[in-house]
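Have a look at coords.txt below; it lists compact mmCIF, C-alpha atoms.
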# COMPACT_ATOMS: atom_id res chain seq x y z
CA MET A 1 -8.01 47.35 -3.28
CA VAL A 2 -8.23 44.71 -0.58
CA ASN A 3 -11.61 44.15 1.08
CA VAL A 4 -11.60 44.55 4.88
CA GLN A 5 -15.37 44.80 5.28
CA TRP A 6 -15.50 41.27 6.71
CA ILE A 7 -13.55 42.33 9.82
CA LYS A 8 -15.99 42.89 12.67
CA GLY A 9 -15.35 43.61 16.33
CA LYS A 10 -12.33 45.08 18.05
CA VAL A 11 -9.01 44.76 16.22
CA LEU A 12 -5.48 45.25 17.51
CA VAL A 13 -3.13 46.27 14.68
CA ALA A 14 0.51 45.18 14.82
CA LEU A 15 2.15 48.47 13.83
CA SER A 16 5.88 48.54 13.13
CA GLY A 17 5.87 51.79 11.14
CA GLY A 18 6.84 50.08 7.89
CA ALA A 19 4.81 50.45 4.70
CA ASP A 20 2.80 47.25 5.19
CA SER A 21 1.58 47.85 8.73
CA VAL A 22 0.92 51.55 8.05
CA ALA A 23 -1.21 50.62 5.03
CA LEU A 24 -3.11 48.11 7.16
CA LEU A 25 -3.75 50.73 9.85
CA ARG A 26 -4.95 53.31 7.32
CA LEU A 27 -7.27 50.82 5.58
CA LEU A 28 -8.91 49.81 8.85
CA CYS A 29 -9.22 53.46 9.88
CA ALA A 30 -10.88 54.27 6.56
CA GLN A 31 -13.40 51.51 7.16
CA GLY A 32 -14.17 52.87 10.61
CA SER A 33 -13.09 49.72 12.45
CA ASP A 34 -12.74 49.66 16.23
CA ILE A 35 -8.96 49.51 16.37
CA GLU A 36 -6.01 50.02 18.66
CA ALA A 37 -2.34 49.72 17.70
CA LEU A 38 0.47 47.60 19.17
CA HIS A 39 4.11 48.53 18.66
CA CYS A 40 7.13 46.43 19.67
CA ASN A 41 10.49 48.05 20.32
CA PHE A 42 13.02 45.23 20.21
CA HIS A 43 16.04 47.55 20.62
CA LEU A 44 17.92 45.75 17.85
CA ARG A 45 18.65 48.66 15.49
CA GLU A 46 19.95 51.38 17.84
CA GLU A 47 18.49 54.75 16.82
CA GLU A 48 16.25 53.23 14.16
CA SER A 49 14.20 51.46 16.84
CA ASN A 50 13.59 54.76 18.62
CA ARG A 51 12.84 56.47 15.31
CA ASP A 52 10.17 53.85 14.53
CA GLU A 53 8.59 54.29 17.95
CA ALA A 54 8.46 58.05 17.53
CA PHE A 55 6.92 57.66 14.06
CA VAL A 56 4.10 55.34 15.12
CA THR A 57 3.42 57.55 18.14
CA GLN A 58 2.90 60.59 15.90
CA LEU A 59 0.87 58.62 13.36
CA CYS A 60 -1.53 57.19 15.93
CA LYS A 61 -1.90 60.61 17.54
CA LYS A 62 -2.78 62.08 14.14
CA LEU A 63 -5.33 59.30 13.42
CA ASP A 64 -6.67 59.31 16.98
CA VAL A 65 -5.84 55.60 17.40
CA PRO A 66 -4.93 54.32 20.89
CA LEU A 67 -1.34 53.02 20.87
CA HIS A 68 0.33 50.48 23.17
CA ILE A 69 4.14 50.19 23.16
CA GLN A 70 6.22 47.40 24.63
CA HIS A 71 10.02 47.37 25.04
CA PHE A 72 11.85 44.02 24.86
CA LYS A 73 15.30 42.79 25.86
CA THR A 74 15.45 40.69 22.71
CA LEU A 75 19.15 39.78 22.70
CA GLU A 76 19.04 38.67 26.33
CA TYR A 77 15.91 36.59 25.66
CA ALA A 78 17.56 34.90 22.65
CA ARG A 79 20.71 34.05 24.62
CA GLU A 80 18.78 32.62 27.58
CA ARG A 81 16.83 30.27 25.31
CA GLY A 82 19.55 29.50 22.81
CA ILE A 83 17.46 30.61 19.83
CA SER A 84 17.99 33.00 16.94
CA ILE A 85 17.24 36.70 17.32
CA GLU A 86 14.52 36.38 14.68
CA MET A 87 12.83 33.56 16.60
CA ALA A 88 13.18 35.45 19.88
CA ALA A 89 11.53 38.55 18.41
CA ARG A 90 8.72 36.45 16.98
CA GLU A 91 8.04 34.69 20.30
CA LEU A 92 8.12 37.93 22.28
CA ARG A 93 5.88 39.69 19.75
CA TYR A 94 3.13 37.10 19.62
CA GLN A 95 3.18 36.41 23.35
CA TRP A 96 2.61 40.10 24.03
CA PHE A 97 0.00 40.39 21.28
CA GLU A 98 -2.08 37.64 22.89
CA GLU A 99 -1.68 39.16 26.37
CA MET A 100 -2.95 42.50 25.03
CA ARG A 101 -5.81 40.86 23.15
CA GLN A 102 -7.07 39.30 26.34
CA GLN A 103 -6.42 42.43 28.41
CA LEU A 104 -8.28 44.70 25.95
CA ASP A 105 -10.97 42.11 25.17
CA ALA A 106 -10.20 42.35 21.46
CA ASP A 107 -11.50 39.97 18.79
CA TYR A 108 -8.52 39.98 16.45
CA ILE A 109 -4.85 40.79 16.10
CA ALA A 110 -4.21 42.05 12.57
CA VAL A 111 -0.75 41.58 11.06
CA ALA A 112 0.36 43.02 7.73
CA HIS A 113 1.62 39.98 5.81
CA HIS A 114 0.88 40.48 2.13
CA GLN A 115 0.99 38.54 -1.15
CA ASP A 116 4.75 38.85 -1.59
CA ASP A 117 5.30 37.60 1.97
CA GLN A 118 3.05 34.65 1.16
CA ALA A 119 5.13 33.71 -1.88
CA GLU A 120 8.34 34.00 0.16
CA THR A 121 6.87 31.79 2.89
CA LEU A 122 5.93 29.05 0.45
CA LEU A 123 9.41 29.16 -1.12
CA LEU A 124 11.04 29.06 2.31
CA ASN A 125 8.97 26.01 3.25
CA LEU A 126 9.91 24.29 0.00
CA ILE A 127 13.61 24.95 0.55
CA ARG A 128 13.48 23.62 4.10
CA GLY A 129 11.29 20.64 3.19
CA THR A 130 7.56 20.64 3.77
CA GLY A 131 4.29 18.78 3.57
CA LEU A 132 0.89 19.99 2.43
CA ARG A 133 0.48 22.36 5.38
CA GLY A 134 3.73 24.06 4.43
CA LEU A 135 2.56 24.38 0.83
CA ALA A 136 -0.55 26.17 2.12
CA ALA A 137 1.78 28.83 3.63
CA MET A 138 0.00 31.46 5.78
CA SER A 139 -3.73 31.50 6.44
CA PRO A 140 -5.82 34.74 6.25
CA CYS A 141 -7.28 33.79 9.62
CA ASN A 142 -5.53 31.60 12.17
CA GLY A 143 -7.38 31.69 15.46
CA HIS A 144 -7.28 35.32 16.61
CA ILE A 145 -4.55 36.26 14.11
CA ILE A 146 -5.83 37.78 10.86
CA ARG A 147 -3.94 38.85 7.74
CA PRO A 148 -6.20 41.22 5.79
CA LEU A 149 -3.52 42.13 3.21
CA LEU A 150 -2.68 38.57 2.15
CA ASP A 151 -4.16 39.07 -1.34
CA MET A 152 -2.54 42.49 -1.78
CA SER A 153 0.87 42.84 -3.44
CA LYS A 154 3.69 45.03 -2.14
CA LYS A 155 3.36 47.15 -5.26
CA GLU A 156 -0.33 47.76 -4.51
CA ILE A 157 0.47 48.66 -0.90
CA LEU A 158 3.04 51.25 -1.94
CA GLN A 159 0.68 52.67 -4.54
CA TYR A 160 -2.10 52.97 -1.93
CA LEU A 161 0.20 54.86 0.44
CA ALA A 162 1.29 57.16 -2.38
CA ASP A 163 -2.33 57.85 -3.33
CA ILE A 164 -3.23 58.95 0.23
CA HIS A 165 0.12 60.77 0.69
CA GLN A 166 1.05 58.63 3.69
CA ASP A 167 4.71 58.23 4.61
CA TYR A 168 6.31 55.34 6.50
CA VAL A 169 9.68 54.20 7.84
CA THR A 170 12.04 51.62 6.36
CA ASP A 171 13.82 48.91 8.34
CA SER A 172 17.44 48.91 7.15
CA THR A 173 17.90 45.25 8.14
CA ASN A 174 15.52 44.30 5.31
CA LEU A 175 18.40 45.08 2.95
CA GLU A 176 20.84 42.72 4.70
CA ARG A 177 21.36 39.27 3.20
CA ASP A 178 22.06 37.44 6.47
CA ALA A 179 18.49 36.18 6.79
CA LEU A 180 17.29 33.58 4.29
CA ARG A 181 14.01 35.40 3.74
CA ASN A 182 15.89 38.58 2.81
CA ARG A 183 18.01 36.66 0.30
CA LEU A 184 14.85 35.29 -1.26
CA ARG A 185 13.31 38.77 -1.39
CA LEU A 186 16.41 40.52 -2.72
CA ASP A 187 17.88 37.86 -5.03
CA ILE A 188 15.53 34.99 -5.89
CA ILE A 189 12.18 36.78 -6.24
CA PRO A 190 13.59 39.33 -8.76
CA LEU A 191 14.92 36.42 -10.85
CA LEU A 192 11.51 34.76 -10.80
CA ARG A 193 9.88 38.03 -11.82
CA ASP A 194 12.30 38.25 -14.75
CA ILE A 195 10.89 34.93 -15.91
CA ASN A 196 7.29 35.91 -15.15
CA PRO A 197 6.31 39.35 -13.80
CA GLN A 198 3.37 37.70 -12.01
CA ALA A 199 5.51 35.02 -10.34
CA THR A 200 4.79 36.04 -6.73
CA GLN A 201 1.08 36.37 -7.46
CA HIS A 202 0.97 32.89 -8.98
CA ILE A 203 2.99 31.35 -6.13
CA ALA A 204 0.67 32.96 -3.56
CA GLU A 205 -2.36 31.73 -5.53
CA ALA A 206 -0.93 28.21 -5.53
CA ALA A 207 -0.69 28.37 -1.73
CA LYS A 208 -4.32 29.52 -1.65
CA HIS A 209 -5.42 26.57 -3.80
CA VAL A 210 -3.61 24.13 -1.50
CA ARG A 211 -5.14 25.81 1.55
CA GLU A 212 -8.64 25.52 0.07
CA ALA A 213 -8.08 21.85 -0.72
CA LEU A 214 -6.71 20.90 2.71
CA PRO A 215 -10.10 20.45 4.45
CA TYR A 216 -11.14 17.94 1.78
CA TYR A 217 -7.79 16.19 2.04
CA PHE A 218 -8.01 15.82 5.82
CA LYS A 219 -11.64 14.72 5.56
CA GLY A 220 -10.51 12.06 3.12
CA ILE A 221 -7.76 10.99 5.51
CA GLU A 222 -10.26 10.69 8.37
CA GLU A 223 -12.60 8.60 6.23
CA ALA A 224 -9.70 6.48 5.01
CA GLU A 225 -8.63 5.90 8.61
CA VAL A 226 -12.09 4.62 9.50
CA ILE A 227 -12.10 2.25 6.52
CA HIS A 228 -8.48 1.31 7.24
CA HIS A 229 -9.35 0.44 10.85
CA GLU A 230 -12.31 -1.71 9.77
CA GLN A 231 -10.06 -3.60 7.37
CA LEU A 232 -7.39 -4.18 10.03
CA ARG A 233 -9.50 -4.69 13.13
CA ASP A 234 -9.17 -8.51 13.11
CA PHE A 235 -5.40 -8.58 12.70
CA GLY A 236 -4.39 -7.33 16.16
CA PHE A 237 -2.46 -4.18 15.18
CA THR A 238 -2.48 -1.17 17.52
CA SER A 239 -4.11 2.13 16.53
CA THR A 240 -0.63 3.69 16.28
CA GLN A 241 0.48 0.96 13.90
CA GLU A 242 -2.67 1.41 11.82
CA ALA A 243 -2.01 5.15 11.51
CA ASP A 244 1.63 4.50 10.57
CA MET A 245 0.56 2.01 7.91
CA LEU A 246 -1.76 4.58 6.37
CA SER A 247 0.85 7.34 6.22
CA CYS A 248 3.96 5.25 5.48
CA ARG A 249 5.32 5.25 1.93
CA ARG A 250 8.64 3.46 2.60
CA ASN A 251 8.90 0.23 0.67
CA GLY A 252 9.72 -2.67 3.01
CA ALA A 253 8.43 -1.03 6.20
CA CYS A 254 7.20 -3.80 8.53
CA PHE A 255 4.58 -4.01 11.29
CA GLU A 256 3.87 -6.92 13.65
CA SER A 257 0.92 -7.88 15.82
CA PRO A 258 0.68 -11.02 17.98
CA THR A 259 -0.96 -12.92 15.10
CA HIS A 260 -0.04 -11.14 11.86
CA ARG A 261 2.61 -9.07 10.18
CA ALA A 262 2.34 -6.46 7.46
CA THR A 263 4.64 -4.70 5.02
CA ILE A 264 4.50 -1.87 2.50
CA HIS A 265 5.31 -3.33 -0.92
CA ARG A 266 5.21 -1.33 -4.16
CA GLY A 267 2.73 1.13 -2.68
CA LYS A 268 0.41 -1.52 -1.26
CA LEU A 269 -0.13 -2.89 2.25
CA LEU A 270 0.41 -6.66 2.40
CA ILE A 271 -0.71 -8.64 5.46
CA GLU A 272 0.04 -12.25 6.26
CA GLU A 273 -0.66 -14.55 9.17
CA LYS A 274 2.19 -15.66 11.36
CA LYS A 275 2.49 -19.39 10.76
CA GLU A 276 4.88 -22.19 10.02
CA TYR A 277 5.70 -22.35 6.33
CA PRO A 278 6.51 -25.57 4.47
CA LYS A 279 10.00 -26.96 5.00
CA LEU A 280 12.24 -27.78 2.09
CA ALA A 281 13.59 -31.19 1.14
CA LEU A 282 16.43 -31.61 -1.32
CA ILE A 283 17.08 -34.84 -3.23
CA THR A 284 20.67 -35.04 -4.48
CA ARG A 285 22.58 -37.47 -6.67
CA ILE A 286 25.84 -37.46 -8.61
CA VAL A 287 25.95 -38.70 -12.21
CA LYS A 288 29.16 -39.57 -14.08
CA VAL A 289 28.94 -38.54 -17.74
CA GLU A 290 31.12 -38.62 -20.86
CA ASP A 291 29.37 -35.86 -22.85
CA PRO A 292 28.01 -33.44 -20.22
CA MET A 293 26.37 -31.02 -22.64
CA LEU A 294 24.51 -33.78 -24.53
CA TRP A 295 23.48 -35.39 -21.27
CA LEU A 296 22.22 -32.08 -19.90
CA ALA A 297 20.19 -31.35 -23.03
CA ASN A 298 18.15 -34.51 -22.44
CA GLN A 299 17.38 -33.88 -18.75
CA PRO A 300 14.14 -32.44 -17.29
CA LYS A 301 14.12 -28.69 -16.79
CA GLY A 302 12.26 -26.49 -14.30
CA PRO A 303 12.73 -24.12 -11.39
CA HIS A 304 12.71 -27.01 -8.88
CA ILE A 305 15.75 -28.82 -10.33
CA ALA A 306 19.38 -27.68 -10.76
CA TYR A 307 22.57 -29.16 -12.19
CA PHE A 308 26.12 -28.37 -11.05
CA ASP A 309 29.68 -29.41 -11.79
CA SER A 310 30.13 -31.72 -8.81
CA ASP A 311 33.92 -31.36 -8.77
CA ALA A 312 33.55 -27.57 -8.32
CA VAL A 313 31.31 -28.01 -5.26
CA SER A 314 32.79 -28.62 -1.81
CA GLN A 315 30.65 -30.90 0.32
CA PRO A 316 28.70 -31.01 2.57
CA LEU A 317 25.86 -28.81 1.31
CA THR A 318 23.78 -26.60 3.57
CA LEU A 319 20.40 -24.84 3.40
CA ARG A 320 19.76 -21.39 4.83
CA HIS A 321 18.04 -18.03 4.24
CA PRO A 322 19.74 -14.90 2.77
CA GLN A 323 21.80 -12.59 4.93
CA ARG A 324 22.29 -8.85 4.48
CA GLY A 325 24.83 -7.86 1.84
CA GLU A 326 25.25 -11.34 0.31
CA ARG A 327 26.13 -11.66 -3.37
CA PHE A 328 26.11 -14.38 -6.03
CA GLN A 329 26.87 -14.68 -9.75
CA PRO A 330 23.59 -15.38 -11.56
CA PHE A 331 23.93 -18.07 -14.23
CA GLY A 332 24.95 -16.48 -17.53
CA MET A 333 26.65 -13.48 -15.90
CA ASN A 334 30.28 -14.51 -16.11
CA GLY A 335 32.33 -12.56 -13.57
CA LYS A 336 29.47 -10.24 -12.60
CA SER A 337 27.99 -10.56 -9.13
CA ARG A 338 24.70 -9.23 -7.77
CA LEU A 339 23.31 -8.62 -4.33
CA ILE A 340 20.81 -11.32 -3.49
CA SER A 341 18.47 -8.63 -2.19
CA ASP A 342 18.61 -6.70 -5.49
CA TYR A 343 18.04 -9.85 -7.50
CA LEU A 344 14.95 -10.73 -5.44
CA THR A 345 13.71 -7.14 -5.62
CA ASP A 346 13.85 -7.31 -9.41
CA LEU A 347 11.57 -10.34 -9.15
CA HIS A 348 9.11 -8.14 -7.21
CA LEU A 349 9.34 -10.25 -4.06
CA ASN A 350 8.16 -8.58 -0.88
CA ILE A 351 10.29 -8.54 2.26
CA PHE A 352 8.58 -11.60 3.78
CA GLU A 353 9.11 -13.63 0.61
CA LYS A 354 12.76 -12.55 0.60
CA GLN A 355 13.15 -13.68 4.21
CA ARG A 356 11.67 -17.10 3.34
CA GLN A 357 13.86 -17.60 0.27
CA TRP A 358 16.07 -20.70 0.55
CA LEU A 359 19.69 -20.76 -0.54
CA LEU A 360 21.79 -23.83 -1.26
CA CYS A 361 25.40 -23.35 -0.14
CA ASP A 362 28.56 -25.46 -0.18
CA SER A 363 30.82 -26.20 2.78
CA SER A 364 32.58 -22.83 2.42
CA ASP A 365 29.16 -21.10 2.44
CA GLN A 366 29.34 -20.10 -1.22
CA ILE A 367 25.87 -19.77 -2.74
CA LEU A 368 25.18 -22.45 -5.38
CA TRP A 369 21.51 -21.85 -5.97
CA VAL A 370 18.82 -19.32 -5.12
CA ILE A 371 16.43 -22.23 -4.92
CA ASN A 372 13.66 -22.41 -7.50
CA ARG A 373 15.03 -19.25 -9.12
CA ARG A 374 18.64 -19.23 -10.40
CA THR A 375 21.92 -21.08 -10.02
CA ASP A 376 25.37 -19.55 -9.61
CA HIS A 377 27.46 -19.22 -12.77
CA ARG A 378 30.65 -20.40 -11.02
CA PHE A 379 29.29 -23.93 -10.55
CA ARG A 380 27.81 -24.40 -14.02
CA ILE A 381 28.34 -27.46 -16.18
CA THR A 382 31.01 -27.03 -18.86
CA PRO A 383 32.20 -29.28 -21.70
CA THR A 384 34.98 -30.58 -19.39
CA THR A 385 32.60 -31.57 -16.57
CA SER A 386 32.72 -35.29 -15.81
CA ASN A 387 30.62 -35.50 -12.62
CA ILE A 388 27.25 -33.75 -12.41
CA LEU A 389 25.51 -32.96 -9.13
CA VAL A 390 21.72 -33.09 -9.55
CA VAL A 391 19.65 -31.32 -6.87
CA GLU A 392 15.86 -31.41 -6.78
CA ALA A 393 13.84 -29.27 -4.35
CA LYS A 394 10.53 -30.43 -2.87
CA GLU A 395 8.38 -29.38 0.06
CA GLY A 396 9.11 -31.43 3.15
CA GLU A 397 11.54 -31.72 6.07
CA ASN A 398 14.97 -30.26 5.42
CA GLU A 399 17.32 -32.93 4.25
CA LEU A 400 20.41 -33.18 2.07

Would you kindly transcribe this structure into structure tokens?
Amino acid sequence: MVNVQWIKGKVLVALSGGADSVALLRLLCAQGSDIEALHCNFHLREEESNRDEAFVTQLCKKLDVPLHIQHFKTLEYARERGISIEMAARELRYQWFEEMRQQLDADYIAVAHHQDDQAETLLLNLIRGTGLRGLAAMSPCNGHIIRPLLDMSKKEILQYLADIHQDYVTDSTNLERDALRNRLRLDIIPLLRDINPQATQHIAEAAKHVREALPYYFKGIEEAEVIHHEQLRDFGFTSTQEADMLSCRRNGACFESPTHRATIHRGKLLIEEKKEYPKLALITRIVKVEDPMLWLANQPKGPHIAYFDSDAVSQPLTLRHPQRGERFQPFGMNGKSRLISDYLTDLHLNIFEKQRQWLLCDSSDQILWVINRRTDHRFRITPTTSNILVVEAKEGENEL
């Protein structure tokens, strides 16, 4: 049985009349807690809403528990704010709960979420997309809101009510599949229990483990932010940029300060100073040959020098940096083109290195050479080549 001995002070119990809230009320009564009950009539289920109100009225009278009832125009509220009925009911409920807590000078508002609800909440968060807080699901204590039954399963709740011969009412809308939570409860959870009868217990326990780990995680984040700031303090980035750098995982994300720029590259933060980088000088010459393949075999090799079929190249040549979406045919890949950006990514270049990459182009802006890396297959030397264009790249002023 769930332990409620830790609950001290005055407690307001959210009492719908369903099994969960009735079990919560009876448990707190058995402990002798100072309690009063709160019941919301949302007028969404015609006679059922009135039936629930009558039931909780009789129950609280029998248990000698003060009861406060509030009627809401839920549909009207939802329409005015353009929100779902479920969201409207939630907002109205918790707003009134807090008003009553202050009015009655209560310490807590107790709601009857249990272990099965916890598992459903975690699954809902996963389906919708979530971070660590979503994986932690609901907390047993969130400000003045407490959830004493969070470690108690629905099966245990029903067994407890049967043991004390306590009846309750059932909300017929819980059997409708319009709401995503109902579809999880009616369709998905039973499938998970077929796989493992303890599925909901294990899912709820996983949320508990995440919740217990969160304080250490956030403490680590705070400490990392301090260290992060100390490392970046001389580079001129704003505090917002520093925080974004710490949380960002997108490869290629860029940040600029007046003096430096940074990027996320393969999970690491790279920072470089803004400065003028060396220019590029190209030395070109054309050689007439009789046996091009023999001639080529006896020439110096290296990333800084390239050889082309001069008759395939339209002059004049130009130097520039890559543009988005550009392609070339890497030497040896006959008929197959690649994006320049993909080719450079495969070489593990970061975004700043990609931006500084020089390309040699002909007069029609076709790429001849990703300089110091690879030539284009279309301009290669073949056995029928008679004129060879030799291009050598060196640091210096741009010249052709």

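Counting all atoms listed in the file and comparing A:Ser16, A:Arg101, A:Ala23, A:Asp178, the residue that lies closest to Ile85 (chain A) is A:Asp178.
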
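Among the candidates A:Ile388, A:Pro215, A:Met245, A:Ala306, the residue lying nearest to Ile286 (chain A) is A:Ile388 (atoms considered: all atoms listed in the file).
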
Contacts of region 263-266 of chain A at 7 Å (only C-alpha atoms; same-chain gap of 5+ positions) as a CSV table (one decimal) with C-alpha atoms, in the coordinates of the input:
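In the end it all went to result_33.csv:
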chain,number,residue,atom,x,y,z
A,250,ARG,CA,8.6,3.5,2.6
A,251,ASN,CA,8.9,0.2,0.7
A,252,GLY,CA,9.7,-2.7,3.0
A,253,ALA,CA,8.4,-1.0,6.2
A,254,CYS,CA,7.2,-3.8,8.5
A,255,PHE,CA,4.6,-4.0,11.3
A,271,ILE,CA,-0.7,-8.6,5.5
A,350,ASN,CA,8.2,-8.6,-0.9

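Take CA of Leu122 (chain A) and CA of Arg93 (chain A): the distance between them is 22.0 Å.
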
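Closest approach to Phe72 (chain A) from the set A:Cys40, A:Ile7, A:Ala162, A:Met87 is made by A:Cys40, with distances taken over all atoms listed in the file.
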
> Asp105 (chain A): which residues within 12 Å, counting all atoms listed in the file, same-chain residues fewer than 6 positions away excluded, as a PyMOL selection string?
Replying inline: chain A and resi 9-12+34-36+97-99+144

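Closest approach to Arg320 (chain A) among A:Leu24, A:Leu104, A:Ile371, A:Ile283 is made by A:Ile371 (distances from all atoms listed in the file).
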
> Could you state the separation of CA of Ala206 (chain A) and CA of Gly134 (chain A) in Å, given to one decimal place?
Replying inline: 11.8 Å
